[in-house]
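Source file: query.cif. Holds: mmCIF, C-alpha atoms.
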data_upload
loop_
_atom_site.group_PDB
_atom_site.id
_atom_site.type_symbol
_atom_site.label_atom_id
_atom_site.label_comp_id
_atom_site.auth_asym_id
_atom_site.auth_seq_id
_atom_site.Cartn_x
_atom_site.Cartn_y
_atom_site.Cartn_z
ATOM 1 C CA MET U 1 -24.264 11.128 -18.994
ATOM 2 C CA GLN U 2 -22.837 10.552 -22.455
ATOM 3 C CA THR U 3 -22.698 6.865 -23.264
ATOM 4 C CA THR U 4 -20.213 4.999 -25.428
ATOM 5 C CA GLU U 5 -20.532 1.823 -27.479
ATOM 6 C CA PHE U 6 -18.894 -0.876 -25.356
ATOM 7 C CA ILE U 7 -18.192 -1.843 -21.750
ATOM 8 C CA TRP U 8 -15.603 -4.500 -20.918
ATOM 9 C CA PHE U 9 -17.393 -7.046 -18.728
ATOM 10 C CA ASP U 10 -15.515 -10.075 -17.379
ATOM 11 C CA GLY U 11 -13.272 -10.396 -20.403
ATOM 12 C CA LYS U 12 -15.722 -9.457 -23.150
ATOM 13 C CA LEU U 13 -16.710 -6.205 -24.802
ATOM 14 C CA VAL U 14 -20.490 -5.948 -24.561
ATOM 15 C CA PRO U 15 -22.817 -3.196 -25.797
ATOM 16 C CA TRP U 16 -23.314 -0.431 -23.227
ATOM 17 C CA ASN U 17 -27.018 -1.158 -22.625
ATOM 18 C CA GLU U 18 -26.402 -4.891 -22.242
ATOM 19 C CA ALA U 19 -23.889 -4.568 -19.364
ATOM 20 C CA GLN U 20 -26.362 -5.573 -16.671
ATOM 21 C CA VAL U 21 -26.460 -7.370 -13.333
ATOM 22 C CA HIS U 22 -29.158 -9.020 -11.235
ATOM 23 C CA VAL U 23 -31.020 -6.795 -8.741
ATOM 24 C CA LEU U 24 -29.865 -9.112 -5.935
ATOM 25 C CA THR U 25 -26.203 -8.538 -6.719
ATOM 26 C CA HIS U 26 -24.355 -8.481 -3.383
ATOM 27 C CA ALA U 27 -22.554 -5.186 -4.062
ATOM 28 C CA LEU U 28 -25.821 -3.409 -4.787
ATOM 29 C CA HIS U 29 -27.069 -4.239 -1.288
ATOM 30 C CA TYR U 30 -23.886 -4.061 0.790
ATOM 31 C CA GLY U 31 -21.393 -1.896 -1.108
ATOM 32 C CA SER U 32 -18.937 -4.777 -1.604
ATOM 33 C CA ALA U 33 -17.114 -3.240 -4.543
ATOM 34 C CA VAL U 34 -13.916 -1.374 -5.334
ATOM 35 C CA PHE U 35 -13.345 1.020 -8.188
ATOM 36 C CA GLU U 36 -10.964 3.463 -9.825
ATOM 37 C CA GLY U 37 -11.185 6.743 -11.684
ATOM 38 C CA ILE U 38 -8.595 7.079 -14.451
ATOM 39 C CA ARG U 39 -8.133 9.617 -17.233
ATOM 40 C CA ALA U 40 -6.842 9.313 -20.765
ATOM 41 C CA TYR U 41 -5.685 12.450 -22.574
ATOM 42 C CA ALA U 42 -5.029 13.314 -26.210
ATOM 43 C CA ARG U 43 -1.350 14.195 -26.559
ATOM 44 C CA THR U 44 -0.218 17.434 -28.144
ATOM 45 C CA GLY U 45 2.056 15.651 -30.610
ATOM 46 C CA GLY U 46 -0.597 13.131 -31.629
ATOM 47 C CA GLY U 47 -1.974 9.941 -30.191
ATOM 48 C CA SER U 48 -3.309 9.487 -26.681
ATOM 49 C CA ALA U 49 -2.107 8.218 -23.326
ATOM 50 C CA VAL U 50 -3.578 6.971 -20.057
ATOM 51 C CA PHE U 51 -2.241 8.817 -17.028
ATOM 52 C CA ARG U 52 -0.522 6.575 -14.461
ATOM 53 C CA LEU U 53 -2.388 3.503 -15.637
ATOM 54 C CA LYS U 54 -0.429 0.859 -13.719
ATOM 55 C CA ASP U 55 -0.586 2.881 -10.490
ATOM 56 C CA HIS U 56 -4.368 3.086 -10.724
ATOM 57 C CA VAL U 57 -4.761 -0.611 -11.471
ATOM 58 C CA GLN U 58 -2.455 -1.509 -8.588
ATOM 59 C CA ARG U 59 -4.567 0.636 -6.262
ATOM 60 C CA LEU U 60 -7.670 -1.217 -7.473
ATOM 61 C CA LEU U 61 -6.038 -4.531 -6.591
ATOM 62 C CA ASN U 62 -4.878 -3.133 -3.243
ATOM 63 C CA SER U 63 -8.384 -1.901 -2.452
ATOM 64 C CA ALA U 64 -9.783 -5.364 -3.151
ATOM 65 C CA LYS U 65 -7.194 -6.950 -0.880
ATOM 66 C CA ILE U 66 -8.028 -4.517 1.923
ATOM 67 C CA ILE U 67 -11.755 -5.320 1.861
ATOM 68 C CA GLY U 68 -11.132 -9.041 1.456
ATOM 69 C CA ILE U 69 -12.174 -9.822 -2.111
ATOM 70 C CA THR U 70 -10.049 -11.359 -4.857
ATOM 71 C CA ILE U 71 -10.164 -9.894 -8.350
ATOM 72 C CA PRO U 72 -9.640 -12.751 -10.823
ATOM 73 C CA TYR U 73 -7.456 -10.682 -13.164
ATOM 74 C CA THR U 74 -3.831 -9.577 -12.998
ATOM 75 C CA LEU U 75 -2.536 -6.034 -13.222
ATOM 76 C CA ASP U 76 -1.369 -6.622 -16.798
ATOM 77 C CA VAL U 77 -4.688 -8.135 -17.904
ATOM 78 C CA LEU U 78 -6.669 -5.238 -16.426
ATOM 79 C CA SER U 79 -4.308 -2.656 -17.904
ATOM 80 C CA GLU U 80 -4.645 -4.184 -21.367
ATOM 81 C CA ALA U 81 -8.422 -4.399 -20.950
ATOM 82 C CA ILE U 82 -8.547 -0.660 -20.236
ATOM 83 C CA LEU U 83 -6.623 0.085 -23.419
ATOM 84 C CA GLN U 84 -8.874 -2.334 -25.337
ATOM 85 C CA THR U 85 -11.959 -0.513 -24.050
ATOM 86 C CA LEU U 86 -10.609 2.874 -25.120
ATOM 87 C CA LYS U 87 -9.730 1.611 -28.568
ATOM 88 C CA ALA U 88 -13.053 -0.162 -29.078
ATOM 89 C CA ASN U 89 -14.877 3.056 -28.225
ATOM 90 C CA LYS U 90 -12.501 5.183 -30.350
ATOM 91 C CA MET U 91 -11.800 7.542 -27.462
ATOM 92 C CA PRO U 92 -8.762 9.863 -27.603
ATOM 93 C CA ASP U 93 -9.847 11.468 -24.292
ATOM 94 C CA ALA U 94 -11.837 9.678 -21.629
ATOM 95 C CA TYR U 95 -12.699 9.155 -18.016
ATOM 96 C CA ILE U 96 -12.278 5.442 -17.254
ATOM 97 C CA ARG U 97 -14.120 3.545 -14.522
ATOM 98 C CA PRO U 98 -12.952 0.020 -13.611
ATOM 99 C CA LEU U 99 -15.199 -1.616 -11.011
ATOM 100 C CA SER U 100 -14.855 -4.994 -9.321
ATOM 101 C CA PHE U 101 -17.789 -6.164 -7.256
ATOM 102 C CA VAL U 102 -19.215 -9.150 -5.410
ATOM 103 C CA GLY U 103 -21.910 -10.508 -7.693
ATOM 104 C CA TYR U 104 -25.148 -12.452 -7.487
ATOM 105 C CA GLY U 105 -25.346 -15.486 -5.214
ATOM 106 C CA GLU U 106 -26.050 -15.945 -1.541
ATOM 107 C CA MET U 107 -27.595 -12.974 0.243
ATOM 108 C CA GLY U 108 -26.455 -11.671 3.616
ATOM 109 C CA VAL U 109 -23.529 -9.533 4.698
ATOM 110 C CA TYR U 110 -20.983 -12.341 4.316
ATOM 111 C CA PRO U 111 -20.093 -12.536 0.591
ATOM 112 C CA GLY U 112 -19.279 -16.245 0.784
ATOM 113 C CA ALA U 113 -18.561 -17.866 -2.560
ATOM 114 C CA ASN U 114 -20.330 -15.224 -4.644
ATOM 115 C CA PRO U 115 -18.410 -14.446 -7.851
ATOM 116 C CA VAL U 116 -16.274 -11.315 -8.107
ATOM 117 C CA GLN U 117 -17.064 -9.584 -11.382
ATOM 118 C CA THR U 118 -15.250 -6.752 -13.141
ATOM 119 C CA ILE U 119 -16.323 -4.099 -15.614
ATOM 120 C CA ILE U 120 -14.458 -1.294 -17.350
ATOM 121 C CA ALA U 121 -16.417 1.646 -18.743
ATOM 122 C CA ALA U 122 -15.157 4.827 -20.390
ATOM 123 C CA TRP U 123 -16.958 8.002 -21.366
ATOM 124 C CA PRO U 124 -16.273 11.683 -22.105
ATOM 125 C CA TRP U 125 -16.101 13.765 -18.917
ATOM 126 C CA GLY U 126 -14.740 17.273 -18.755
ATOM 127 C CA ALA U 127 -13.831 19.211 -15.622
ATOM 128 C CA TYR U 128 -15.609 17.434 -12.741
ATOM 129 C CA LEU U 129 -16.598 20.634 -10.931
ATOM 130 C CA GLY U 130 -17.268 22.633 -14.109
ATOM 131 C CA PRO U 131 -14.888 24.150 -16.690
ATOM 132 C CA GLU U 132 -15.001 27.598 -15.063
ATOM 133 C CA ALA U 133 -13.887 26.072 -11.762
ATOM 134 C CA LEU U 134 -10.352 25.454 -13.038
ATOM 135 C CA GLU U 135 -9.831 29.214 -13.367
ATOM 136 C CA ARG U 136 -12.290 30.896 -11.021
ATOM 137 C CA GLY U 137 -12.232 28.378 -8.204
ATOM 138 C CA ILE U 138 -15.122 26.934 -6.213
ATOM 139 C CA ARG U 139 -17.038 27.619 -3.003
ATOM 140 C CA VAL U 140 -16.831 24.945 -0.328
ATOM 141 C CA LYS U 141 -18.111 24.384 3.196
ATOM 142 C CA THR U 142 -16.952 22.342 6.152
ATOM 143 C CA SER U 143 -19.217 19.332 6.358
ATOM 144 C CA SER U 144 -21.110 18.381 9.485
ATOM 145 C CA PHE U 145 -20.164 14.783 8.632
ATOM 146 C CA ALA U 146 -16.703 13.686 9.788
ATOM 147 C CA ARG U 147 -14.533 11.500 7.594
ATOM 148 C CA SER U 148 -14.781 7.938 8.845
ATOM 149 C CA HIS U 149 -12.243 6.782 11.416
ATOM 150 C CA VAL U 150 -9.405 4.749 9.894
ATOM 151 C CA ASN U 151 -10.512 1.599 11.708
ATOM 152 C CA THR U 152 -14.163 2.016 10.754
ATOM 153 C CA SER U 153 -14.180 1.541 6.995
ATOM 154 C CA MET U 154 -10.564 1.134 5.853
ATOM 155 C CA SER U 155 -9.805 4.561 4.362
ATOM 156 C CA LYS U 156 -7.008 3.286 2.089
ATOM 157 C CA ALA U 157 -9.483 1.262 0.028
ATOM 158 C CA LYS U 158 -11.370 2.987 -2.760
ATOM 159 C CA ALA U 159 -14.391 0.936 -1.800
ATOM 160 C CA ALA U 160 -17.918 1.672 -2.956
ATOM 161 C CA GLY U 161 -19.398 1.286 0.522
ATOM 162 C CA ASN U 162 -17.085 3.975 1.906
ATOM 163 C CA TYR U 163 -18.710 6.582 -0.308
ATOM 164 C CA ILE U 164 -21.975 6.863 1.620
ATOM 165 C CA ASN U 165 -19.944 9.180 3.872
ATOM 166 C CA SER U 166 -19.082 11.300 0.834
ATOM 167 C CA ILE U 167 -22.628 11.195 -0.526
ATOM 168 C CA LEU U 168 -24.034 12.585 2.712
ATOM 169 C CA ALA U 169 -21.477 15.405 2.760
ATOM 170 C CA LYS U 170 -21.946 16.214 -0.929
ATOM 171 C CA ILE U 171 -25.747 16.410 -0.674
ATOM 172 C CA GLU U 172 -25.464 18.679 2.364
ATOM 173 C CA ALA U 173 -23.012 20.986 0.600
ATOM 174 C CA ARG U 174 -25.038 21.228 -2.589
ATOM 175 C CA ASP U 175 -28.306 21.749 -0.706
ATOM 176 C CA ASP U 176 -26.623 24.633 1.141
ATOM 177 C CA GLY U 177 -25.509 26.235 -2.130
ATOM 178 C CA TYR U 178 -21.852 25.157 -2.185
ATOM 179 C CA ASP U 179 -19.914 23.266 -4.851
ATOM 180 C CA GLU U 180 -18.153 20.810 -2.571
ATOM 181 C CA ALA U 181 -17.545 19.837 1.057
ATOM 182 C CA VAL U 182 -14.386 19.771 3.146
ATOM 183 C CA MET U 183 -14.422 16.916 5.634
ATOM 184 C CA LEU U 184 -12.614 16.826 8.964
ATOM 185 C CA ASP U 185 -11.244 13.672 10.526
ATOM 186 C CA THR U 186 -12.485 12.378 13.874
ATOM 187 C CA ASN U 187 -9.799 14.451 15.645
ATOM 188 C CA GLY U 188 -10.957 17.669 13.986
ATOM 189 C CA PHE U 189 -8.155 18.074 11.444
ATOM 190 C CA VAL U 190 -8.783 18.711 7.755
ATOM 191 C CA SER U 191 -8.992 15.335 5.997
ATOM 192 C CA GLU U 192 -10.195 15.474 2.386
ATOM 193 C CA ALA U 193 -13.212 16.379 0.280
ATOM 194 C CA THR U 194 -15.920 14.001 -0.907
ATOM 195 C CA GLY U 195 -13.742 12.776 -3.760
ATOM 196 C CA GLU U 196 -10.614 14.930 -3.715
ATOM 197 C CA ASN U 197 -7.474 15.543 -1.689
ATOM 198 C CA ILE U 198 -6.709 19.032 -0.349
ATOM 199 C CA PHE U 199 -3.701 21.355 -0.548
ATOM 200 C CA ILE U 200 -3.301 24.776 1.023
ATOM 201 C CA VAL U 201 -0.574 27.354 0.316
ATOM 202 C CA ARG U 202 0.727 29.876 2.836
ATOM 203 C CA ASP U 203 3.862 32.025 2.498
ATOM 204 C CA GLY U 204 4.873 30.012 -0.557
ATOM 205 C CA ILE U 205 4.765 26.658 1.266
ATOM 206 C CA LEU U 206 2.347 23.926 0.242
ATOM 207 C CA LYS U 207 0.740 21.751 2.873
ATOM 208 C CA THR U 208 -1.407 18.651 2.430
ATOM 209 C CA THR U 209 -2.950 16.170 4.840
ATOM 210 C CA PRO U 210 -0.625 13.198 5.432
ATOM 211 C CA TRP U 211 -1.581 9.643 4.565
ATOM 212 C CA THR U 212 -3.706 9.194 7.696
ATOM 213 C CA SER U 213 -7.462 9.544 7.276
ATOM 214 C CA ILE U 214 -7.280 10.066 3.506
ATOM 215 C CA LEU U 215 -7.329 7.924 0.406
ATOM 216 C CA GLY U 216 -3.880 8.041 -1.145
ATOM 217 C CA GLY U 217 -4.706 10.037 -4.252
ATOM 218 C CA ILE U 218 -2.652 9.395 -7.376
ATOM 219 C CA THR U 219 -3.132 12.975 -8.579
ATOM 220 C CA ARG U 220 -2.134 14.103 -5.068
ATOM 221 C CA ASP U 221 1.041 12.042 -5.346
ATOM 222 C CA SER U 222 1.719 13.488 -8.804
ATOM 223 C CA VAL U 223 1.308 17.054 -7.546
ATOM 224 C CA LEU U 224 3.579 16.363 -4.574
ATOM 225 C CA LYS U 225 6.341 15.186 -6.897
ATOM 226 C CA LEU U 226 5.734 17.932 -9.449
ATOM 227 C CA ALA U 227 5.767 20.703 -6.828
ATOM 228 C CA CYS U 228 9.019 19.423 -5.361
ATOM 229 C CA ASP U 229 10.580 19.237 -8.828
ATOM 230 C CA LEU U 230 9.512 22.843 -9.439
ATOM 231 C CA GLY U 231 11.322 23.921 -6.287
ATOM 232 C CA TYR U 232 8.403 24.382 -3.913
ATOM 233 C CA THR U 233 8.501 23.304 -0.287
ATOM 234 C CA VAL U 234 5.762 20.734 0.360
ATOM 235 C CA LEU U 235 4.771 19.493 3.798
ATOM 236 C CA GLU U 236 2.606 16.459 4.508
ATOM 237 C CA GLN U 237 1.278 17.757 7.775
ATOM 238 C CA GLN U 238 -2.032 17.965 9.610
ATOM 239 C CA PHE U 239 -3.740 21.357 9.616
ATOM 240 C CA THR U 240 -6.919 22.814 11.019
ATOM 241 C CA ARG U 241 -9.949 24.504 9.548
ATOM 242 C CA ASP U 242 -8.882 27.939 10.792
ATOM 243 C CA GLU U 243 -5.456 27.503 9.184
ATOM 244 C CA PHE U 244 -7.332 26.773 5.966
ATOM 245 C CA TYR U 245 -9.236 30.071 6.372
ATOM 246 C CA ILE U 246 -6.035 32.132 6.340
ATOM 247 C CA ALA U 247 -4.320 30.297 3.481
ATOM 248 C CA ASP U 248 -3.074 32.350 0.532
ATOM 249 C CA GLU U 249 -4.303 29.669 -1.879
ATOM 250 C CA ALA U 250 -6.034 26.312 -1.705
ATOM 251 C CA PHE U 251 -6.931 23.642 -4.226
ATOM 252 C CA PHE U 252 -8.327 20.161 -4.641
ATOM 253 C CA THR U 253 -6.590 17.346 -6.506
ATOM 254 C CA GLY U 254 -8.172 14.244 -7.991
ATOM 255 C CA THR U 255 -8.500 12.305 -11.217
ATOM 256 C CA ALA U 256 -11.880 13.864 -11.950
ATOM 257 C CA ALA U 257 -11.166 17.275 -10.379
ATOM 258 C CA GLU U 258 -7.565 17.444 -11.692
ATOM 259 C CA ILE U 259 -6.306 20.646 -9.953
ATOM 260 C CA THR U 260 -9.315 22.756 -8.924
ATOM 261 C CA PRO U 261 -8.794 26.009 -6.972
ATOM 262 C CA ILE U 262 -10.843 26.839 -3.879
ATOM 263 C CA ARG U 263 -11.913 30.480 -3.638
ATOM 264 C CA GLU U 264 -14.037 30.334 -0.499
ATOM 265 C CA LEU U 265 -14.483 28.166 2.601
ATOM 266 C CA ASP U 266 -17.369 28.726 5.014
ATOM 267 C CA HIS U 267 -18.022 32.241 3.634
ATOM 268 C CA ARG U 268 -14.356 33.199 4.106
ATOM 269 C CA GLN U 269 -12.509 34.219 0.960
ATOM 270 C CA ILE U 270 -9.313 32.266 0.374
ATOM 271 C CA GLY U 271 -6.500 34.564 -0.757
ATOM 272 C CA ALA U 272 -7.545 36.695 -3.713
ATOM 273 C CA GLY U 273 -10.719 34.678 -4.206
ATOM 274 C CA GLN U 274 -9.547 32.937 -7.370
ATOM 275 C CA ALA U 275 -6.817 30.618 -8.596
ATOM 276 C CA GLY U 276 -3.538 31.834 -7.096
ATOM 277 C CA PRO U 277 -0.126 31.963 -8.817
ATOM 278 C CA ILE U 278 1.184 28.690 -7.393
ATOM 279 C CA THR U 279 -2.055 26.888 -8.191
ATOM 280 C CA LYS U 280 -1.938 28.223 -11.759
ATOM 281 C CA HIS U 281 1.705 27.202 -12.116
ATOM 282 C CA LEU U 282 0.948 23.661 -10.979
ATOM 283 C CA GLN U 283 -2.115 23.465 -13.243
ATOM 284 C CA LYS U 284 -0.075 24.570 -16.258
ATOM 285 C CA GLU U 285 2.714 22.095 -15.630
ATOM 286 C CA PHE U 286 0.310 19.265 -14.772
ATOM 287 C CA PHE U 287 -1.561 19.647 -18.055
ATOM 288 C CA LYS U 288 1.745 19.710 -19.931
ATOM 289 C CA ILE U 289 2.556 16.347 -18.379
ATOM 290 C CA VAL U 290 -0.760 14.651 -19.158
ATOM 291 C CA GLN U 291 -0.713 15.997 -22.717
ATOM 292 C CA GLY U 292 2.774 14.581 -23.320
ATOM 293 C CA GLU U 293 4.648 17.885 -23.371
ATOM 294 C CA ASN U 294 7.133 17.076 -20.593
ATOM 295 C CA SER U 295 9.352 14.086 -21.331
ATOM 296 C CA HIS U 296 10.658 14.028 -17.746
ATOM 297 C CA TYR U 297 7.382 12.377 -16.726
ATOM 298 C CA ALA U 298 6.986 10.150 -19.779
ATOM 299 C CA ASP U 299 6.836 7.035 -17.583
ATOM 300 C CA TRP U 300 3.535 8.306 -16.151
ATOM 301 C CA LEU U 301 1.899 7.914 -19.568
ATOM 302 C CA THR U 302 0.778 4.714 -21.274
ATOM 303 C CA PRO U 303 0.322 5.558 -24.955
ATOM 304 C CA TYR U 304 -2.250 4.037 -27.274
ATOM 305 C CA THR U 305 -3.467 4.663 -30.798
ATOM 306 C CA LEU U 306 -6.989 4.345 -32.141
#
Go through the file and emit its structure as C-alpha cells.
Amino acid sequence: MQTTEFIWFDGKLVPWNEAQVHVLTHALHYGSAVFEGIRAYARTGGGSAVFRLKDHVQRLLNSAKIIGITIPYTLDVLSEAILQTLKANKMPDAYIRPLSFVGYGEMGVYPGANPVQTIIAAWPWGAYLGPEALERGIRVKTSSFARSHVNTSMSKAKAAGNYINSILAKIEARDDGYDEAVMLDTNGFVSEATGENIFIVRDGILKTTPWTSILGGITRDSVLKLACDLGYTVLEQQFTRDEFYIADEAFFTGTAAEITPIRELDHRQIGAGQAGPITKHLQKEFFKIVQGENSHYADWLTPYTL
C-alpha cells in the first residue's frame, strides 16, 4: 500500500513507521477493536471535503459502545483529529481509517483495565474493486459461509473481530476466481457482501436488505436518500438468492466500493451484464455530491483546506 507521512496516535501525529504497538496487544489476539472507513474527496470548485464525517465518527463510537469498550475521545475531538491528519499529510483525496482498540496489558479474553488506544491513518486508495469495476461491474458468488447471526457477534458494530467471517468468504471467492462474495443470513436471505451492502433493481424498483443482519452502511443510507430524491421507489425488504439472479441490475455500496455494479452472480448474468441505467444514474449523482457539485447535500460534506 502507499504510505503517507503521519498517523494520528492517541493525540499526537507520529511518523508512519513509528506508529507501533506491542505484540501482546489485546486486540491483536482477540479482535477487540472497532474501526471506520471514511473518504475525503477533492471538490470540483476547489478545496476538499470529508464525506459524512460526523456520521462515521458517531458510528465508531456506537460500535465501541456495542462491544463494551470506551473510547477516551469525543466525537468533536475525533472529527478534528481526522481533519488534522489529512492536512498534515497534504491529502486532497484520501481513504481514512480510524481504529480504536484494547491495548497492551493483562492477557485473556476479558479486557479488564487495559487501555483503549486510537489511531487515525489516511492514504490514497482508488476504486476498492478496481477502476474498471465501476463501469463494467464485477463477478460475485454466493458464499458457503453464512453471515453471523445477530446475537452471535453484534452485527451493528463495525468490530474487527467480526471480520473473520468476511475474510473467510473473501478468500473463498477469490480462490474460486470471483471478485467478491455475497453472504446469506442464517435464514437464507441475502444479507451483505464481505464489506459492502447490496441493492438489486427489478422493474425500476430498488430493493435492499433491511437493517437486520447487516451493518448499517453510511453509503447505503446515502444511496437510499439519493434514490428517493431522484424519484425511484426503494424498498428495504428481504430477498432471496434466486430473486437476485433475475434482477435487472445489482450493485454494491460502501465507503471503499462506492457504487460498484454486479454483472454476474453464481455464473448467472445480471441484466445486460454491465452497469445498468439506474446504477449509472446513481453513480453519476453520487459522485456529484461527494465532489461538491450538488448543494442540496452540502451538509454531508465537511470541507478542509491544505
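Proximity ranking of U:Thr255, U:Ser295, U:Thr240, U:Asn187 relative to Thr219 of chain U places U:Thr255 first, based on all atoms listed in the file.
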Residues at most 12 Å from Leu86 of chain U, counting all atoms listed in the file, excluding those fewer than 6 positions away in the same chain, as a count of residues only?
-> 31
List the residues selected by the PyMOL selection byres ((chain U and resi 244-254) around 6) in the file shown, writing them as an NGL selection string.
-> :U and (196-202 or 219-220 or 241-243 or 255-262 or 271 or 276)
At what distance in Å, to one decimal, does atom CA of Arg52 of chain U lie from atom CA of Thr302 of chain U?
->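 We find that atom CA of Thr302 of chain U and atom CA of Arg52 of chain U lie 7.2 Å from each other.
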Given the file shown, enumerate the residues that the PyMOL selection byres ((chain U and resi 178) around 12) captures and present them as a ChimeraX atom specification.
-> /U:129,137-143,169-177,179-182,262-267
I would like the residues chosen by the PyMOL selection byres ((chain U and resi 109-112) around 10) on the shown file; could you give them as JSON, numbers by chain?
-> {"U": [26, 27, 29, 30, 31, 32, 68, 69, 102, 103, 104, 105, 106, 107, 108, 113, 114, 115, 116]}
With all atoms listed in the file as the basis for distance, which of U:Gly161, U:Gly45, U:Gly37, U:Pro98 is at the shortest distance from Asn294 of chain U?
-> U:Gly45
Please rebuild segment 8-19 of chain U with N, CA, C and O atoms and give the result as an mmCIF file, keeping the file's coordinate frame.
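Wrote it out as result.cif, contents follow:
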data_model
loop_
_atom_site.group_PDB
_atom_site.id
_atom_site.type_symbol
_atom_site.label_atom_id
_atom_site.label_comp_id
_atom_site.auth_asym_id
_atom_site.auth_seq_id
_atom_site.Cartn_x
_atom_site.Cartn_y
_atom_site.Cartn_z
ATOM 1 N N TRP U 8 -16.307 -3.223 -21.137
ATOM 2 C CA TRP U 8 -15.603 -4.500 -20.918
ATOM 3 C C TRP U 8 -16.206 -5.145 -19.674
ATOM 4 O O TRP U 8 -16.247 -4.541 -18.613
ATOM 5 N N PHE U 9 -16.686 -6.375 -19.826
ATOM 6 C CA PHE U 9 -17.393 -7.046 -18.728
ATOM 7 C C PHE U 9 -16.881 -8.480 -18.632
ATOM 8 O O PHE U 9 -17.189 -9.324 -19.467
ATOM 9 N N ASP U 10 -16.063 -8.727 -17.612
ATOM 10 C CA ASP U 10 -15.515 -10.075 -17.379
ATOM 11 C C ASP U 10 -14.892 -10.670 -18.637
ATOM 12 O O ASP U 10 -15.166 -11.820 -19.018
ATOM 13 N N GLY U 11 -14.052 -9.882 -19.282
ATOM 14 C CA GLY U 11 -13.272 -10.396 -20.403
ATOM 15 C C GLY U 11 -13.869 -10.200 -21.772
ATOM 16 O O GLY U 11 -13.233 -10.539 -22.769
ATOM 17 N N LYS U 12 -15.082 -9.654 -21.857
ATOM 18 C CA LYS U 12 -15.722 -9.457 -23.150
ATOM 19 C C LYS U 12 -16.198 -8.016 -23.293
ATOM 20 O O LYS U 12 -16.639 -7.392 -22.315
ATOM 21 N N LEU U 13 -16.131 -7.506 -24.507
ATOM 22 C CA LEU U 13 -16.710 -6.205 -24.802
ATOM 23 C C LEU U 13 -18.183 -6.408 -25.138
ATOM 24 O O LEU U 13 -18.516 -7.125 -26.078
ATOM 25 N N VAL U 14 -19.055 -5.800 -24.329
ATOM 26 C CA VAL U 14 -20.490 -5.948 -24.561
ATOM 27 C C VAL U 14 -21.090 -4.573 -24.824
ATOM 28 O O VAL U 14 -20.570 -3.560 -24.349
ATOM 29 N N PRO U 15 -22.173 -4.494 -25.571
ATOM 30 C CA PRO U 15 -22.817 -3.196 -25.797
ATOM 31 C C PRO U 15 -23.206 -2.532 -24.480
ATOM 32 O O PRO U 15 -23.607 -3.206 -23.514
ATOM 33 N N TRP U 16 -23.075 -1.214 -24.444
ATOM 34 C CA TRP U 16 -23.314 -0.431 -23.227
ATOM 35 C C TRP U 16 -24.601 -0.838 -22.515
ATOM 36 O O TRP U 16 -24.621 -1.088 -21.319
ATOM 37 N N ASN U 17 -25.715 -0.901 -23.235
ATOM 38 C CA ASN U 17 -27.018 -1.158 -22.625
ATOM 39 C C ASN U 17 -27.216 -2.613 -22.215
ATOM 40 O O ASN U 17 -28.212 -2.944 -21.554
ATOM 41 N N GLU U 18 -26.290 -3.483 -22.600
ATOM 42 C CA GLU U 18 -26.402 -4.891 -22.242
ATOM 43 C C GLU U 18 -25.506 -5.276 -21.063
ATOM 44 O O GLU U 18 -25.500 -6.431 -20.633
ATOM 45 N N ALA U 19 -24.753 -4.308 -20.522
ATOM 46 C CA ALA U 19 -23.889 -4.568 -19.364
ATOM 47 C C ALA U 19 -24.739 -4.472 -18.102
ATOM 48 O O ALA U 19 -24.830 -3.422 -17.465
#
